[in-house]
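Enquirer: Compact mmCIF, C-alpha atoms and all ligand atoms, saved as query_30.txt, coming up:
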```txt
# COMPACT_ATOMS: atom_id res chain seq x y z
CA MET A 1 5.12 -10.54 12.25
CA LYS A 2 3.03 -7.37 12.00
CA ILE A 3 4.36 -5.12 9.27
CA VAL A 4 3.32 -1.72 7.89
CA MET A 5 4.47 -0.46 4.47
CA LEU A 6 5.15 3.28 4.12
CA GLY A 7 6.07 5.30 1.04
CA ALA A 8 4.62 7.55 -1.64
CA PRO A 9 2.10 6.24 -4.16
CA GLY A 10 4.19 4.23 -6.63
CA ALA A 11 7.11 3.66 -4.25
CA GLY A 12 6.67 -0.10 -4.57
CA LYS A 13 4.66 -0.92 -1.43
CA GLY A 14 2.33 -3.36 -3.17
CA THR A 15 5.11 -5.03 -5.15
CA GLN A 16 7.16 -5.70 -2.01
CA ALA A 17 4.20 -6.45 0.28
CA VAL A 18 3.26 -9.43 -1.91
CA ASN A 19 6.80 -10.83 -1.55
CA ILE A 20 7.02 -10.21 2.19
CA ALA A 21 3.63 -11.86 2.72
CA LYS A 22 4.86 -14.95 0.85
CA GLU A 23 8.11 -15.07 2.81
CA TYR A 24 6.37 -14.94 6.21
CA ASN A 25 3.20 -16.74 5.13
CA ILE A 26 0.95 -13.94 6.38
CA PRO A 27 -1.85 -12.07 4.54
CA HIS A 28 -1.17 -9.01 2.38
CA ILE A 29 -3.84 -6.44 3.20
CA SER A 30 -4.20 -3.51 0.82
CA THR A 31 -6.85 -0.92 1.73
CA GLY A 32 -6.74 0.31 -1.90
CA ASP A 33 -7.56 -3.23 -3.12
CA ILE A 34 -10.42 -3.50 -0.59
CA PHE A 35 -11.86 -0.18 -1.78
CA ARG A 36 -11.52 -1.19 -5.45
CA ALA A 37 -13.27 -4.51 -4.79
CA ASN A 38 -16.11 -2.58 -3.13
CA ILE A 39 -16.34 -0.22 -6.11
CA LYS A 40 -16.49 -3.18 -8.50
CA ASN A 41 -19.30 -4.74 -6.44
CA GLN A 42 -21.03 -1.34 -6.18
CA THR A 43 -21.36 -1.50 -2.40
CA GLU A 44 -22.31 1.58 -0.42
CA LEU A 45 -18.78 1.76 1.00
CA GLY A 46 -17.35 1.53 -2.52
CA MET A 47 -19.55 4.34 -3.84
CA LYS A 48 -18.48 6.61 -0.97
CA ALA A 49 -14.78 5.76 -1.34
CA LYS A 50 -14.80 6.32 -5.11
CA GLU A 51 -15.68 10.02 -4.72
CA TYR A 52 -12.41 10.59 -2.85
CA MET A 53 -10.20 8.17 -4.79
CA ASP A 54 -11.10 9.76 -8.16
CA LYS A 55 -9.87 13.12 -6.83
CA GLY A 56 -6.61 11.77 -5.44
CA ALA A 57 -7.82 12.50 -1.91
CA LEU A 58 -7.90 10.14 1.06
CA VAL A 59 -11.07 8.29 1.99
CA PRO A 60 -12.19 9.70 5.38
CA ASP A 61 -10.84 8.04 8.53
CA GLU A 62 -14.41 7.31 9.73
CA ILE A 63 -14.82 4.87 6.84
CA THR A 64 -11.27 3.54 6.57
CA ILE A 65 -10.35 2.77 10.18
CA GLY A 66 -13.36 0.57 10.95
CA MET A 67 -12.93 -1.32 7.70
CA LEU A 68 -9.25 -2.10 8.40
CA LEU A 69 -9.69 -2.99 12.08
CA SER A 70 -12.44 -5.43 11.20
CA ARG A 71 -10.21 -7.02 8.52
CA ILE A 72 -7.28 -7.59 10.90
CA ALA A 73 -9.64 -9.22 13.42
CA ASP A 74 -10.08 -12.12 10.93
CA LYS A 75 -8.59 -15.49 11.87
CA ASP A 76 -5.95 -15.45 9.10
CA CYS A 77 -4.30 -12.45 10.80
CA ASP A 78 -3.48 -14.37 13.99
CA ASN A 79 0.19 -14.75 12.98
CA GLY A 80 0.50 -11.24 11.62
CA PHE A 81 -0.04 -9.31 8.38
CA VAL A 82 1.51 -6.88 5.93
CA LEU A 83 -0.50 -3.66 5.70
CA ASP A 84 -0.13 -1.91 2.34
CA GLY A 85 -1.69 1.55 2.19
CA PHE A 86 -2.72 1.73 5.84
CA PRO A 87 -2.17 3.76 7.96
CA ARG A 88 -2.12 6.91 5.83
CA THR A 89 -2.93 9.47 8.57
CA ILE A 90 -1.85 9.94 12.18
CA PRO A 91 -5.37 9.14 13.51
CA GLN A 92 -5.26 5.86 11.53
CA ALA A 93 -1.88 4.99 13.06
CA GLU A 94 -3.14 5.86 16.56
CA SER A 95 -6.28 3.73 16.12
CA LEU A 96 -4.22 0.78 14.91
CA LYS A 97 -1.84 1.14 17.83
CA LYS A 98 -4.71 1.24 20.31
CA ALA A 99 -6.48 -1.79 18.80
CA LEU A 100 -3.29 -3.87 18.84
CA LYS A 101 -2.42 -2.76 22.35
CA GLU A 102 -5.75 -4.13 23.58
CA GLN A 103 -4.53 -7.58 22.46
CA GLY A 104 -1.06 -7.03 23.93
CA ALA A 105 0.39 -6.66 20.43
CA LYS A 106 2.11 -3.98 18.38
CA ILE A 107 3.52 -3.24 14.94
CA ASP A 108 6.91 -4.99 14.71
CA CYS A 109 8.24 -3.09 11.75
CA ALA A 110 7.36 -0.13 9.51
CA VAL A 111 9.16 -0.34 6.16
CA ASP A 112 9.56 3.04 4.46
CA ILE A 113 10.37 2.70 0.75
CA GLU A 114 11.98 5.93 -0.42
CA VAL A 115 11.62 7.09 -4.04
CA PRO A 116 11.99 10.72 -5.22
CA ASP A 117 8.85 12.43 -6.62
CA GLU A 118 10.55 12.75 -10.06
CA ASP A 119 10.48 8.97 -10.52
CA ILE A 120 6.88 8.50 -9.43
CA ILE A 121 5.07 9.76 -12.56
CA ASN A 122 7.01 7.33 -14.81
CA ARG A 123 6.23 4.45 -12.53
CA MET A 124 2.53 5.22 -12.38
CA SER A 125 2.05 5.74 -16.11
CA GLY A 126 3.51 2.27 -16.77
CA ARG A 127 1.81 0.51 -13.87
CA ARG A 128 -0.50 -2.38 -14.73
CA SER A 129 -2.58 -4.05 -12.03
CA CYS A 130 -4.34 -7.38 -11.64
CA PRO A 131 -7.99 -6.72 -10.69
CA ASN A 132 -8.28 -10.30 -9.41
CA CYS A 133 -5.29 -10.96 -7.10
CA GLY A 134 -3.79 -7.49 -6.61
CA GLY A 135 -0.59 -8.31 -8.51
CA THR A 136 1.35 -5.25 -9.73
CA TYR A 137 3.53 -4.92 -12.83
CA HIS A 138 5.24 -2.25 -14.91
CA VAL A 139 5.39 -2.29 -18.71
CA THR A 140 9.16 -1.74 -18.71
CA PHE A 141 10.48 -1.98 -15.13
CA ASN A 142 8.68 -5.16 -14.09
CA PRO A 143 6.83 -6.74 -17.04
CA PRO A 144 4.72 -9.90 -16.68
CA LYS A 145 5.96 -13.01 -18.51
CA GLN A 146 3.13 -12.70 -21.02
CA GLU A 147 2.19 -9.15 -22.04
CA GLY A 148 -1.00 -7.93 -20.35
CA ILE A 149 -1.57 -11.12 -18.33
CA CYS A 150 -1.05 -11.65 -14.57
CA ASP A 151 1.76 -14.18 -13.87
CA ALA A 152 0.10 -15.32 -10.65
CA CYS A 153 -3.49 -15.92 -11.78
CA GLY A 154 -3.75 -15.43 -15.56
CA THR A 155 -6.21 -12.51 -15.36
CA GLU A 156 -6.00 -9.65 -17.90
CA LEU A 157 -4.15 -6.67 -16.41
CA VAL A 158 -5.73 -3.19 -16.25
CA GLN A 159 -4.55 0.39 -15.86
CA ARG A 160 -6.03 2.07 -12.78
CA ALA A 161 -8.26 5.12 -13.36
CA ASP A 162 -6.37 7.11 -10.70
CA ASP A 163 -2.95 6.51 -12.34
CA LYS A 164 -3.39 9.35 -14.85
CA PRO A 165 -0.79 12.14 -14.36
CA GLU A 166 -3.17 14.83 -12.96
CA THR A 167 -4.47 12.49 -10.27
CA VAL A 168 -0.98 11.19 -9.49
CA LEU A 169 0.21 14.75 -8.79
CA GLN A 170 -2.71 15.29 -6.40
CA ARG A 171 -2.01 11.95 -4.69
CA LEU A 172 1.63 12.95 -4.20
CA LYS A 173 0.51 16.21 -2.60
CA THR A 174 -1.88 14.30 -0.33
CA TYR A 175 0.98 11.94 0.57
CA HIS A 176 3.34 14.74 1.61
CA GLU A 177 0.66 16.54 3.65
CA GLN A 178 -1.04 13.65 5.42
CA THR A 179 1.02 10.46 5.23
CA GLN A 180 4.68 11.48 5.39
CA PRO A 181 4.37 12.42 9.12
CA LEU A 182 3.94 8.69 9.80
CA ILE A 183 7.66 8.19 9.16
CA GLU A 184 8.41 10.17 12.31
CA PHE A 185 5.56 8.43 14.16
CA TYR A 186 7.09 4.99 13.58
CA GLU A 187 10.61 6.26 14.15
CA ASN A 188 9.44 7.35 17.61
CA GLU A 189 7.96 3.87 18.10
CA GLY A 190 11.45 2.49 17.40
CA VAL A 191 10.34 0.22 14.54
CA LEU A 192 11.22 2.21 11.41
CA VAL A 193 13.30 0.65 8.62
CA THR A 194 14.18 2.79 5.58
CA VAL A 195 15.10 1.28 2.21
CA ASP A 196 16.20 2.82 -1.09
CA GLY A 197 13.26 2.18 -3.44
CA THR A 198 15.12 3.24 -6.60
CA LYS A 199 17.02 -0.06 -6.76
CA LYS A 200 15.72 -3.05 -8.74
CA PRO A 201 12.65 -4.73 -7.17
CA SER A 202 14.71 -7.84 -6.29
CA GLU A 203 17.35 -5.70 -4.55
CA VAL A 204 14.72 -3.73 -2.63
CA LEU A 205 13.25 -7.04 -1.42
CA GLU A 206 16.66 -8.29 -0.31
CA ASP A 207 17.22 -5.08 1.68
CA ILE A 208 13.81 -5.39 3.34
CA LEU A 209 14.15 -9.09 4.25
CA GLY A 210 17.64 -8.42 5.58
CA ALA A 211 16.32 -5.63 7.81
CA LEU A 212 13.40 -7.74 9.08
CA LYS A 213 15.70 -10.51 10.33
P1 LIG A 301 -1.07 3.36 -4.16
O1 LIG A 301 -0.75 1.86 -4.24
O2 LIG A 301 -0.76 4.02 -5.44
O3 LIG A 301 -0.42 4.02 -3.02
P2 LIG A 301 -3.62 2.56 -3.09
O4 LIG A 301 -4.15 1.45 -3.91
O5 LIG A 301 -2.96 2.21 -1.81
O6 LIG A 301 -2.65 3.45 -3.98
O7 LIG A 301 -4.78 3.59 -2.76
C1 LIG A 301 -5.62 4.10 -3.77
C2 LIG A 301 -6.54 5.16 -3.16
O8 LIG A 301 -7.39 4.54 -2.17
C3 LIG A 301 -5.85 6.29 -2.43
O9 LIG A 301 -5.44 7.33 -3.30
C4 LIG A 301 -6.94 6.73 -1.45
O10 LIG A 301 -7.92 7.52 -2.10
C5 LIG A 301 -7.61 5.42 -1.07
N1 LIG A 301 -6.99 4.83 0.15
C6 LIG A 301 -6.29 3.67 0.22
N2 LIG A 301 -5.89 3.44 1.48
C7 LIG A 301 -6.34 4.48 2.23
C8 LIG A 301 -6.24 4.85 3.60
N3 LIG A 301 -5.57 4.09 4.49
N4 LIG A 301 -6.84 5.99 4.01
C9 LIG A 301 -7.52 6.76 3.15
N5 LIG A 301 -7.64 6.49 1.84
C10 LIG A 301 -7.05 5.37 1.37
P1 LIG A 302 2.65 1.35 -4.47
O1 LIG A 302 1.91 0.15 -3.95
O2 LIG A 302 3.60 1.93 -3.47
O3 LIG A 302 1.75 2.38 -5.06
P2 LIG A 302 3.51 -0.41 -6.63
O4 LIG A 302 4.09 -1.61 -5.97
O5 LIG A 302 2.16 -0.55 -7.23
O6 LIG A 302 3.58 0.86 -5.66
O7 LIG A 302 4.55 0.06 -7.77
C1 LIG A 302 4.26 1.17 -8.63
C2 LIG A 302 4.79 0.87 -10.04
O8 LIG A 302 6.23 0.85 -10.02
C3 LIG A 302 4.37 -0.51 -10.57
O9 LIG A 302 4.18 -0.40 -11.96
C4 LIG A 302 5.55 -1.41 -10.24
O10 LIG A 302 5.67 -2.51 -11.13
C5 LIG A 302 6.73 -0.44 -10.40
N1 LIG A 302 7.84 -0.75 -9.48
C6 LIG A 302 7.78 -1.29 -8.23
N2 LIG A 302 9.01 -1.41 -7.68
C7 LIG A 302 9.87 -0.90 -8.60
C8 LIG A 302 11.32 -0.73 -8.61
N3 LIG A 302 12.08 -1.09 -7.58
N4 LIG A 302 11.85 -0.17 -9.72
C9 LIG A 302 11.07 0.20 -10.78
N5 LIG A 302 9.73 0.06 -10.82
C10 LIG A 302 9.13 -0.48 -9.75
ZN ZN A 303 -3.53 -11.83 -10.66
```
What is this structure when it is put down as structure tokens?

Expert:
Amino acid sequence: MKIVMLGAPGAGKGTQAVNIAKEYNIPHISTGDIFRANIKNQTELGMKAKEYMDKGALVPDEITIGMLLSRIADKDCDNGFVLDGFPRTIPQAESLKKALKEQGAKIDCAVDIEVPDEDIINRMSGRRSCPNCGGTYHVTFNPPKQEGICDACGTELVQRADDKPETVLQRLKTYHEQTQPLIEFYENEGVLVTVDGTKKPSEVLEDILGALK
């Protein structure tokens, strides 16, 4: 199963991608997580990406596309993957389509999680992230069992630098301008599934798994 997650920053892509990956036993690939790991390790790619991420802008396609295509060429992607945060531009979607086509494959499903802009700021201000395994929590909407600690791996949770309100507003603007057109792209491909992201996380998951079957 080859799945793409769509939706605004904070819509719940990461939260649901982890669950979908578990259900289908396929890797969860988050371009944001890959960039953050590169920043932590102070790689050249990380230093370049950080400039854009701090501003709430997208990392240029020249950097992002190659990085993602090389990741999905890894052996663990043979049975599929859940992409979380990629594609975010039409050229990214076209490049992915072309690369898969060369192997006689395609995206099976694009899951668009819909959440109104008004809800996004609240979600982002309470988001807590696991810097080790990519787990995502919310202080009130989806708290970990032990405050401040990742349920999955026991690492101390952090607040992301780009989750402050000014940057979130810029990221939302970037989303509407550059990423939202992908909804129509995947609708035209005949693989779009839309779910109501304002429900409880467990209900959103149920809706997604139901649609994938
Ligand atoms: P969120 O989960 O809130 O949507 P991500 O972790 O996916 O955020 O992304 C964080 C930042 O990393 C983005 O704001 C952007 O700067 C950069 N980024 C992630 N994926 C991409 C991509 N496919 N293309 C360009 N930039 C990206
Ligand atoms: P994205 O990857 O799309 O940026 P996340 O999965 O990181 O989104 O979710 C953003 C924040 O909203 C996190 O703090 C997460 O715990 C919380 N969240 C996710 N799904 C829901 C939901 N259905 N209802 C309320 N809060 C949610
Ligand atoms: Zn963790």

Enquirer: Counting only C-alpha atoms, which of A:Val191, A:Ile26, A:Leu212, A:Leu96 gets nearest to Asp76 in chain A?

Expert: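 Ranked by minimum distance to Asp76 in chain A, first place goes to A:Ile26.
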
Enquirer: Go through A:Cys133, A:Ile113, A:Ile3, A:Ala211 and flag the residue nearest ligand LIG 302 (chain A), using only C-alpha atoms and all ligand atoms for the distances.

Expert: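 For ligand LIG 302 (chain A), the nearest of the given residues is A:Ile113.
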
Enquirer: Residues contacting ligand LIG 301 (chain A) - anything with an atom at most 6 Å away, using only C-alpha atoms and all ligand atoms - can you give me those as a ChimeraX atom specification?

Expert: /A:9-10,31-33,52-53,56-60,64,85-88,171

Enquirer: Find the spatial neighbours of Asp163 in chain A, counting all atoms listed in the file, within a cut-off of 10 Å - ignore same-chain residues fewer than 3 positions away - and output them as a list in words.

Expert: Pro9, Gly10, Asp54, Gly56, Ile121, Arg123, Met124, Ser125, Gly126, Arg127, Arg128, Gln159, Arg160, Glu166, Thr167, Val168, Leu169 and Arg171 of chain A

Enquirer: Convert the current residue selection to file output with C-alpha atoms, as a compact mmCIF listing (two decimals), in the coordinates of the input.

Expert:
```txt
# COMPACT_ATOMS: atom_id res chain seq x y z
CA PRO A 9 2.10 6.24 -4.16
CA GLY A 10 4.19 4.23 -6.63
CA ASP A 54 -11.10 9.76 -8.16
CA GLY A 56 -6.61 11.77 -5.44
CA ILE A 121 5.07 9.76 -12.56
CA ARG A 123 6.23 4.45 -12.53
CA MET A 124 2.53 5.22 -12.38
CA SER A 125 2.05 5.74 -16.11
CA GLY A 126 3.51 2.27 -16.77
CA ARG A 127 1.81 0.51 -13.87
CA ARG A 128 -0.50 -2.38 -14.73
CA GLN A 159 -4.55 0.39 -15.86
CA ARG A 160 -6.03 2.07 -12.78
CA GLU A 166 -3.17 14.83 -12.96
CA THR A 167 -4.47 12.49 -10.27
CA VAL A 168 -0.98 11.19 -9.49
CA LEU A 169 0.21 14.75 -8.79
CA ARG A 171 -2.01 11.95 -4.69
```

Enquirer: So what do you get for CA of Ala93 in chain A versus CA of Asp108 in chain A, distance-wise?

Expert: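 So the two atoms, CA of Ala93 in chain A and CA of Asp108 in chain A, lie 13.4 Å apart.
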